[in-house]
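K.L.:
Below is the file entry-v6.txt, with compact mmCIF, C-alpha atoms.
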# COMPACT_ATOMS: atom_id res chain seq x y z
CA ARG V 1 160.52 -66.12 -90.99
CA HIS V 2 156.84 -66.33 -91.93
CA MET V 3 155.44 -65.21 -88.58
CA HIS V 4 155.68 -61.43 -89.01
CA SER V 5 152.09 -60.88 -87.84
CA LEU V 6 152.41 -62.99 -84.67
CA THR V 7 151.24 -60.91 -81.68
CA LYS V 8 151.65 -63.36 -78.78
CA LEU V 9 154.39 -65.87 -78.11
CA ILE V 10 154.13 -68.05 -75.01
CA LEU V 11 156.76 -70.69 -74.30
CA LEU V 12 156.05 -72.86 -71.24
CA ASN V 13 158.19 -75.62 -69.75
CA CYS V 14 160.84 -75.51 -72.47
CA LYS V 15 163.36 -77.01 -70.07
CA SER V 16 166.01 -77.67 -72.76
CA LEU V 17 165.85 -74.20 -74.29
CA ALA V 18 169.23 -72.57 -73.54
CA THR V 19 169.07 -69.67 -76.04
CA LEU V 20 166.67 -67.99 -78.40
CA PRO V 21 167.55 -67.41 -82.05
CA ASP V 22 168.58 -63.89 -83.10
CA SER V 23 165.71 -63.99 -85.59
CA ILE V 24 163.31 -63.47 -82.66
CA GLY V 25 163.84 -59.75 -83.31
CA HIS V 26 162.00 -60.08 -86.62
CA LEU V 27 158.66 -60.57 -84.84
CA GLN V 28 157.80 -56.89 -85.15
CA ALA V 29 154.07 -57.32 -84.32
CA LEU V 30 154.75 -59.19 -81.08
CA THR V 31 153.00 -57.49 -78.14
CA VAL V 32 153.10 -60.28 -75.53
CA PHE V 33 156.11 -62.52 -74.93
CA LYS V 34 156.07 -64.99 -72.05
CA LEU V 35 158.80 -67.46 -71.18
CA SER V 36 157.90 -69.55 -68.15
CA TYR V 37 159.77 -72.47 -66.63
CA CYS V 38 162.46 -72.31 -69.32
CA THR V 39 164.93 -73.39 -66.68
CA SER V 40 167.95 -73.79 -69.00
CA LEU V 41 167.65 -70.36 -70.62
CA ILE V 42 170.94 -68.58 -69.88
CA GLU V 43 170.67 -65.39 -71.91
CA LEU V 44 168.50 -63.51 -74.36
CA PRO V 45 169.69 -62.33 -77.76
CA LYS V 46 170.45 -58.64 -78.33
CA THR V 47 167.69 -58.59 -80.93
CA ILE V 48 165.10 -58.55 -78.11
CA GLY V 49 165.40 -54.77 -78.35
CA GLN V 50 163.95 -54.89 -81.86
CA LEU V 51 160.55 -56.04 -80.53
CA ARG V 52 159.29 -52.46 -80.52
CA SER V 53 155.59 -53.45 -80.25
CA LEU V 54 156.15 -55.44 -77.06
CA THR V 55 154.00 -54.29 -74.12
CA MET V 56 154.37 -57.36 -71.88
CA PHE V 57 157.53 -59.41 -71.40
CA LYS V 58 157.44 -62.08 -68.69
CA LEU V 59 160.34 -64.32 -67.78
CA SER V 60 158.97 -66.41 -64.91
CA PHE V 61 160.94 -69.21 -63.29
CA CYS V 62 163.82 -68.88 -65.78
CA LYS V 63 166.25 -69.93 -63.05
CA SER V 64 169.40 -69.94 -65.20
CA LEU V 65 168.91 -66.52 -66.83
CA ARG V 66 172.02 -64.52 -65.88
CA LYS V 67 171.42 -61.16 -67.51
CA LEU V 68 169.17 -59.13 -69.74
CA PRO V 69 170.64 -57.59 -72.88
CA GLU V 70 171.33 -53.85 -72.88
CA SER V 71 169.01 -53.60 -75.89
CA ILE V 72 166.01 -54.21 -73.60
CA GLY V 73 165.99 -50.44 -73.00
CA GLN V 74 164.85 -50.00 -76.59
CA LEU V 75 161.47 -51.47 -75.64
CA VAL V 76 160.07 -48.01 -75.03
CA ILE V 77 156.40 -49.02 -75.00
CA LEU V 78 156.92 -52.02 -72.69
CA LYS V 79 154.47 -51.69 -69.79
CA GLU V 80 155.13 -54.89 -67.88
CA LEU V 81 158.37 -56.76 -67.22
CA GLY V 82 158.12 -60.00 -65.23
CA LEU V 83 161.22 -61.44 -63.58
CA LYS V 84 159.62 -63.71 -61.01
CA LYS V 85 161.93 -66.45 -59.69
CA CYS V 86 164.81 -65.60 -62.06
CA LYS V 87 167.26 -66.53 -59.32
CA SER V 88 170.48 -66.19 -61.37
CA LEU V 89 169.65 -62.64 -62.46
CA LYS V 90 171.87 -60.36 -60.35
CA SER V 91 171.63 -57.00 -62.11
CA LEU V 92 169.70 -55.06 -64.71
CA PRO V 93 171.18 -53.22 -67.67
CA ASN V 94 171.54 -49.43 -67.38
CA SER V 95 169.24 -49.05 -70.36
CA ILE V 96 166.29 -49.91 -68.07
CA LYS V 97 165.96 -46.20 -67.34
CA GLY V 98 165.09 -45.64 -71.01
CA MET V 99 161.92 -47.70 -70.71
CA LYS V 100 159.53 -44.76 -70.72
CA SER V 101 156.30 -46.76 -70.42
CA LEU V 102 157.27 -49.35 -67.80
CA GLU V 103 154.48 -49.54 -65.21
CA LYS V 104 155.06 -52.87 -63.54
CA CYS V 105 158.06 -55.07 -62.84
CA GLU V 106 157.28 -58.34 -61.18
CA SER V 107 160.52 -59.23 -59.47
CA LEU V 108 159.35 -61.10 -56.37
CA ALA V 109 161.87 -63.69 -55.26
CA SER V 110 164.12 -62.95 -58.20
CA GLY V 111 167.85 -63.08 -57.73
CA LEU V 112 168.05 -59.30 -57.95
CA PRO V 113 169.66 -57.54 -55.02
CA GLU V 114 167.57 -54.92 -53.24
CA GLU V 115 169.32 -51.95 -54.87
CA GLU V 116 168.43 -53.28 -58.35
CA ILE V 117 164.78 -53.69 -57.36
CA CYS V 118 164.84 -50.13 -55.99
CA ARG V 119 166.33 -48.89 -59.25
CA VAL V 120 163.65 -50.41 -61.45
CA ASN V 121 160.90 -49.35 -59.03
CA ARG V 122 162.17 -45.78 -59.21
CA VAL V 123 161.96 -45.92 -63.03
CA ILE V 124 158.37 -47.14 -62.70
CA GLU V 125 157.42 -44.39 -60.23
CA ILE V 126 159.03 -41.69 -62.38
CA ASN V 127 157.10 -42.98 -65.39
CA ARG V 128 153.86 -42.85 -63.42
CA ASN V 129 154.51 -39.34 -62.13
CA ARG V 130 156.26 -38.09 -65.28
CA SER V 131 158.47 -36.11 -62.97
CA GLU V 132 161.96 -36.30 -61.54
CA ARG V 133 160.64 -35.06 -58.19
CA PHE V 134 160.38 -37.37 -55.22
CA PRO V 135 158.46 -40.35 -56.68
CA TYR V 136 156.26 -41.36 -53.72
CA THR V 137 152.91 -40.21 -52.40
CA PRO V 138 152.47 -39.46 -48.66
CA ASN V 139 150.84 -42.85 -47.97
CA GLN V 140 153.95 -44.51 -49.44
CA LEU V 141 156.34 -42.24 -47.55
CA ASP V 142 157.61 -44.65 -44.90
CA VAL V 143 158.49 -47.46 -47.32
CA GLY V 144 159.10 -45.19 -50.28
CA LEU V 145 161.50 -42.90 -48.48
CA MET V 146 163.46 -45.85 -47.12
CA LEU V 147 163.75 -47.50 -50.56
CA TYR V 148 164.56 -44.27 -52.31
CA ILE V 149 167.30 -43.37 -49.83
CA MET V 150 168.74 -46.88 -50.00
CA SER V 151 168.95 -46.60 -53.77
CA LEU V 152 171.10 -43.50 -53.54
CA LYS V 153 174.58 -43.19 -52.13
CA GLN V 154 174.73 -39.44 -51.72
CA GLY V 155 175.16 -39.14 -47.96
CA GLU V 156 173.44 -36.69 -45.65
CA THR V 157 173.29 -33.85 -48.19
CA GLY V 158 171.52 -36.11 -50.68
CA ILE V 159 168.98 -37.20 -48.09
CA ARG V 160 168.21 -33.57 -47.20
CA GLN V 161 167.76 -32.80 -50.90
CA ILE V 162 165.36 -35.73 -51.30
CA ILE V 163 163.25 -34.54 -48.38
CA ALA V 164 163.29 -30.96 -49.69
CA ASP V 165 162.18 -32.23 -53.13
CA TYR V 166 159.37 -34.17 -51.53
CA LEU V 167 158.18 -31.15 -49.54
CA GLY V 168 158.45 -28.95 -52.61
CA VAL V 169 160.92 -26.54 -51.04
CA SER V 170 164.39 -25.60 -52.16
CA TYR V 171 167.40 -26.94 -50.32
CA THR V 172 170.47 -24.77 -50.19
Could you rewrite the structure in this file as structure tokens?
P.N.:
Amino acid sequence: RHMHSLTKLILLNCKSLATLPDSIGHLQALTVFKLSYCTSLIELPKTIGQLRSLTMFKLSFCKSLRKLPESIGQLVILKELGLKKCKSLKSLPNSIKGMKSLEKCESLASGLPEEEICRVNRVIEINRNRSERFPYTPNQLDVGLMLYIMSLKQGETGIRQIIADYLGVSYT
């Protein structure tokens, strides 16, 4: 209650921590929030979305974390989201596409399936390019095209449209 000016909160090895209090959302000045090796943490409160000053949010080795709250999309200035070794995390909320400043998502060896990683990486690339056009540069084409196509389920017509977008030509 008296920590309104706190800018960094780092919780390491809190192995018995299963939840965070809803009052965490009152830390309006918080810019960095790291939770590492909090192996019993199951979920985050919805009030996480109230941390509007947050630019870095890392959840490393939180093996029991099952989901992120939909309110995480309200973190519009968040630049970095770390999900390393969050093995129980199987999907991301749809609100992730509202994170207009997201530049990095560390999701190596997380529990996220490949299509979820592709989805968040596409958000990151769109934010970098500030464009809805094909979000990969030519040197990223081989991997980028494969990931981008895998993230869409539009069939042959969709693939042709993606290639046309990349080449900057119209597809009819």
K.L.:
Figure out the distance between atom CA of Ile117 of chain V and atom CA of Cys86 of chain V, please, to one decimal in Å.
P.N.:
12.8 Å
K.L.:
Show which residues sit within 9 Å of Ile96 of chain V, as a PyMOL selection string. Count all atoms listed in the file, and ignore same-chain residues fewer than 6 positions away.
P.N.:
chain V and resi 70+72-74+119-120+123
K.L.:
Can you pull out every residue within 6 Å of segment 102-115 of chain V, counting only C-alpha atoms, but drop anything in the same chain fewer than 2 positions away, and send it as a ChimeraX atom specification?
P.N.:
/V:78-91,99-100,117-118,124,151
K.L.:
Identify which of the residues V:Ser60, V:Ser5, V:Ser71, V:Thr55 lies closest to Lys34 of chain V, counting only C-alpha atoms when measuring atom-to-atom distances.
P.N.:
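Checking each candidate against Lys34 of chain V, we get V:Ser60 as the closest.
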K.L.:
With only C-alpha atoms as the basis for distance, which of V:Cys62, V:Leu51, V:Leu75, V:Leu11 is at the shortest distance from Ser23 of chain V?
P.N.:
V:Leu51
K.L.:
Nearest to Phe33 of chain V among V:Gln50, V:Thr7, V:Asn94, V:Ser101, with distances taken over only C-alpha atoms: which residue is it?
P.N.:
V:Thr7
K.L.:
In Å to one decimal, how far is atom CA of Ile48 of chain V from atom CA of Pro69 of chain V?
P.N.:
7.7 Å
K.L.:
Return the single residue from V:Lys15, V:Lys67, V:Arg52, V:Lys8 that is closest to Val32 of chain V, with distances computed using all atoms listed in the file.
P.N.:
V:Lys8
K.L.:
What would the list of residues within 10 Å of (170.7, -75.4, -65.6) (file frame) look like as an NGL selection string, if all atoms listed in the file are what count?
P.N.:
:V and (15-16 or 18 or 38-42 or 62-65)
K.L.:
Excluding Leu6 of chain V and its own-chain neighbours fewer than 4 positions away, which residues fall within 12 Å of it when counting all atoms listed in the file? Please give them as a PyMOL selection string.
P.N.:
chain V and resi 1-2+10+24-33+51+53-54
K.L.:
Using the selection just defined, write its residues with C-alpha atoms as an mmCIF file, in the coordinates of the input.
P.N.:
data_model
loop_
_atom_site.group_PDB
_atom_site.id
_atom_site.type_symbol
_atom_site.label_atom_id
_atom_site.label_comp_id
_atom_site.auth_asym_id
_atom_site.auth_seq_id
_atom_site.Cartn_x
_atom_site.Cartn_y
_atom_site.Cartn_z
ATOM 1 C CA ARG V 1 160.520 -66.120 -90.990
ATOM 2 C CA HIS V 2 156.840 -66.330 -91.930
ATOM 3 C CA ILE V 10 154.130 -68.050 -75.010
ATOM 4 C CA ILE V 24 163.310 -63.470 -82.660
ATOM 5 C CA GLY V 25 163.840 -59.750 -83.310
ATOM 6 C CA HIS V 26 162.000 -60.080 -86.620
ATOM 7 C CA LEU V 27 158.660 -60.570 -84.840
ATOM 8 C CA GLN V 28 157.800 -56.890 -85.150
ATOM 9 C CA ALA V 29 154.070 -57.320 -84.320
ATOM 10 C CA LEU V 30 154.750 -59.190 -81.080
ATOM 11 C CA THR V 31 153.000 -57.490 -78.140
ATOM 12 C CA VAL V 32 153.100 -60.280 -75.530
ATOM 13 C CA PHE V 33 156.110 -62.520 -74.930
ATOM 14 C CA LEU V 51 160.550 -56.040 -80.530
ATOM 15 C CA SER V 53 155.590 -53.450 -80.250
ATOM 16 C CA LEU V 54 156.150 -55.440 -77.060
#
K.L.:
Rebuild segment 62-86 of chain V so that it carries N, CA, C and O atoms, then output the result as a PDB file, in the coordinates of the input.
P.N.:
ATOM      1  N   CYS V  62     162.671 -68.622 -64.899  1.00  0.00           N
ATOM      2  CA  CYS V  62     163.820 -68.880 -65.780  1.00  0.00           C
ATOM      3  C   CYS V  62     165.053 -68.833 -64.886  1.00  0.00           C
ATOM      4  O   CYS V  62     165.786 -67.835 -64.846  1.00  0.00           O
ATOM      5  N   LYS V  63     165.270 -69.889 -64.144  1.00  0.00           N
ATOM      6  CA  LYS V  63     166.250 -69.930 -63.050  1.00  0.00           C
ATOM      7  C   LYS V  63     167.696 -69.755 -63.483  1.00  0.00           C
ATOM      8  O   LYS V  63     168.543 -69.375 -62.693  1.00  0.00           O
ATOM      9  N   SER V  64     168.007 -70.027 -64.735  1.00  0.00           N
ATOM     10  CA  SER V  64     169.400 -69.940 -65.200  1.00  0.00           C
ATOM     11  C   SER V  64     169.711 -68.622 -65.901  1.00  0.00           C
ATOM     12  O   SER V  64     170.867 -68.368 -66.235  1.00  0.00           O
ATOM     13  N   LEU V  65     168.709 -67.789 -66.120  1.00  0.00           N
ATOM     14  CA  LEU V  65     168.910 -66.520 -66.830  1.00  0.00           C
ATOM     15  C   LEU V  65     169.835 -65.620 -66.019  1.00  0.00           C
ATOM     16  O   LEU V  65     169.522 -65.249 -64.893  1.00  0.00           O
ATOM     17  N   ARG V  66     170.982 -65.274 -66.597  1.00  0.00           N
ATOM     18  CA  ARG V  66     172.020 -64.520 -65.880  1.00  0.00           C
ATOM     19  C   ARG V  66     171.932 -63.021 -66.063  1.00  0.00           C
ATOM     20  O   ARG V  66     172.308 -62.257 -65.196  1.00  0.00           O
ATOM     21  N   LYS V  67     171.487 -62.595 -67.250  1.00  0.00           N
ATOM     22  CA  LYS V  67     171.420 -61.160 -67.510  1.00  0.00           C
ATOM     23  C   LYS V  67     170.419 -60.865 -68.621  1.00  0.00           C
ATOM     24  O   LYS V  67     170.052 -61.740 -69.399  1.00  0.00           O
ATOM     25  N   LEU V  68     170.021 -59.622 -68.663  1.00  0.00           N
ATOM     26  CA  LEU V  68     169.170 -59.130 -69.740  1.00  0.00           C
ATOM     27  C   LEU V  68     170.052 -58.312 -70.666  1.00  0.00           C
ATOM     28  O   LEU V  68     170.973 -57.625 -70.205  1.00  0.00           O
ATOM     29  N   PRO V  69     169.792 -58.357 -71.960  1.00  0.00           N
ATOM     30  CA  PRO V  69     170.640 -57.590 -72.880  1.00  0.00           C
ATOM     31  C   PRO V  69     170.410 -56.084 -72.712  1.00  0.00           C
ATOM     32  O   PRO V  69     169.309 -55.650 -72.361  1.00  0.00           O
ATOM     33  N   GLU V  70     171.432 -55.305 -72.949  1.00  0.00           N
ATOM     34  CA  GLU V  70     171.330 -53.850 -72.880  1.00  0.00           C
ATOM     35  C   GLU V  70     170.252 -53.323 -73.818  1.00  0.00           C
ATOM     36  O   GLU V  70     169.603 -52.317 -73.541  1.00  0.00           O
ATOM     37  N   SER V  71     170.007 -54.037 -74.899  1.00  0.00           N
ATOM     38  CA  SER V  71     169.010 -53.600 -75.890  1.00  0.00           C
ATOM     39  C   SER V  71     167.588 -53.599 -75.341  1.00  0.00           C
ATOM     40  O   SER V  71     166.692 -53.021 -75.954  1.00  0.00           O
ATOM     41  N   ILE V  72     167.368 -54.184 -74.160  1.00  0.00           N
ATOM     42  CA  ILE V  72     166.010 -54.210 -73.600  1.00  0.00           C
ATOM     43  C   ILE V  72     165.490 -52.786 -73.368  1.00  0.00           C
ATOM     44  O   ILE V  72     164.294 -52.535 -73.413  1.00  0.00           O
ATOM     45  N   GLY V  73     166.386 -51.839 -73.178  1.00  0.00           N
ATOM     46  CA  GLY V  73     165.990 -50.440 -73.000  1.00  0.00           C
ATOM     47  C   GLY V  73     165.346 -49.831 -74.221  1.00  0.00           C
ATOM     48  O   GLY V  73     164.722 -48.777 -74.143  1.00  0.00           O
ATOM     49  N   GLN V  74     165.469 -50.491 -75.363  1.00  0.00           N
ATOM     50  CA  GLN V  74     164.850 -50.000 -76.590  1.00  0.00           C
ATOM     51  C   GLN V  74     163.364 -50.341 -76.654  1.00  0.00           C
ATOM     52  O   GLN V  74     162.656 -49.890 -77.555  1.00  0.00           O
ATOM     53  N   LEU V  75     162.888 -51.102 -75.684  1.00  0.00           N
ATOM     54  CA  LEU V  75     161.470 -51.470 -75.640  1.00  0.00           C
ATOM     55  C   LEU V  75     160.700 -50.337 -74.956  1.00  0.00           C
ATOM     56  O   LEU V  75     160.211 -50.472 -73.836  1.00  0.00           O
ATOM     57  N   VAL V  76     160.578 -49.234 -75.648  1.00  0.00           N
ATOM     58  CA  VAL V  76     160.070 -48.010 -75.030  1.00  0.00           C
ATOM     59  C   VAL V  76     158.572 -48.018 -74.758  1.00  0.00           C
ATOM     60  O   VAL V  76     158.093 -47.177 -74.004  1.00  0.00           O
ATOM     61  N   ILE V  77     157.821 -48.958 -75.334  1.00  0.00           N
ATOM     62  CA  ILE V  77     156.400 -49.020 -75.000  1.00  0.00           C
ATOM     63  C   ILE V  77     156.080 -50.207 -74.080  1.00  0.00           C
ATOM     64  O   ILE V  77     154.921 -50.457 -73.767  1.00  0.00           O
ATOM     65  N   LEU V  78     157.116 -50.905 -73.609  1.00  0.00           N
ATOM     66  CA  LEU V  78     156.920 -52.020 -72.690  1.00  0.00           C
ATOM     67  C   LEU V  78     156.296 -51.505 -71.399  1.00  0.00           C
ATOM     68  O   LEU V  78     156.819 -50.588 -70.776  1.00  0.00           O
ATOM     69  N   LYS V  79     155.163 -52.093 -71.004  1.00  0.00           N
ATOM     70  CA  LYS V  79     154.470 -51.690 -69.790  1.00  0.00           C
ATOM     71  C   LYS V  79     154.746 -52.626 -68.628  1.00  0.00           C
ATOM     72  O   LYS V  79     154.735 -52.215 -67.490  1.00  0.00           O
ATOM     73  N   GLU V  80     154.979 -53.902 -68.942  1.00  0.00           N
ATOM     74  CA  GLU V  80     155.130 -54.890 -67.880  1.00  0.00           C
ATOM     75  C   GLU V  80     156.329 -55.794 -68.149  1.00  0.00           C
ATOM     76  O   GLU V  80     156.450 -56.375 -69.218  1.00  0.00           O
ATOM     77  N   LEU V  81     157.199 -55.902 -67.151  1.00  0.00           N
ATOM     78  CA  LEU V  81     158.370 -56.760 -67.220  1.00  0.00           C
ATOM     79  C   LEU V  81     158.292 -57.717 -66.029  1.00  0.00           C
ATOM     80  O   LEU V  81     158.261 -57.279 -64.881  1.00  0.00           O
ATOM     81  N   GLY V  82     158.215 -59.011 -66.299  1.00  0.00           N
ATOM     82  CA  GLY V  82     158.120 -60.000 -65.230  1.00  0.00           C
ATOM     83  C   GLY V  82     159.429 -60.759 -65.076  1.00  0.00           C
ATOM     84  O   GLY V  82     159.945 -61.316 -66.041  1.00  0.00           O
ATOM     85  N   LEU V  83     159.956 -60.759 -63.866  1.00  0.00           N
ATOM     86  CA  LEU V  83     161.220 -61.440 -63.580  1.00  0.00           C
ATOM     87  C   LEU V  83     161.081 -62.369 -62.386  1.00  0.00           C
ATOM     88  O   LEU V  83     162.038 -62.613 -61.659  1.00  0.00           O
ATOM     89  N   LYS V  84     159.901 -62.888 -62.179  1.00  0.00           N
ATOM     90  CA  LYS V  84     159.620 -63.710 -61.010  1.00  0.00           C
ATOM     91  C   LYS V  84     160.435 -65.001 -61.023  1.00  0.00           C
ATOM     92  O   LYS V  84     160.458 -65.732 -62.000  1.00  0.00           O
ATOM     93  N   LYS V  85     161.136 -65.232 -59.916  1.00  0.00           N
ATOM     94  CA  LYS V  85     161.930 -66.450 -59.690  1.00  0.00           C
ATOM     95  C   LYS V  85     163.058 -66.637 -60.712  1.00  0.00           C
ATOM     96  O   LYS V  85     163.437 -67.755 -61.018  1.00  0.00           O
ATOM     97  N   CYS V  86     163.608 -65.540 -61.210  1.00  0.00           N
ATOM     98  CA  CYS V  86     164.810 -65.600 -62.060  1.00  0.00           C
ATOM     99  C   CYS V  86     166.004 -65.481 -61.125  1.00  0.00           C
ATOM    100  O   CYS V  86     166.627 -64.424 -61.019  1.00  0.00           O
TER     101      CYS V  86
END
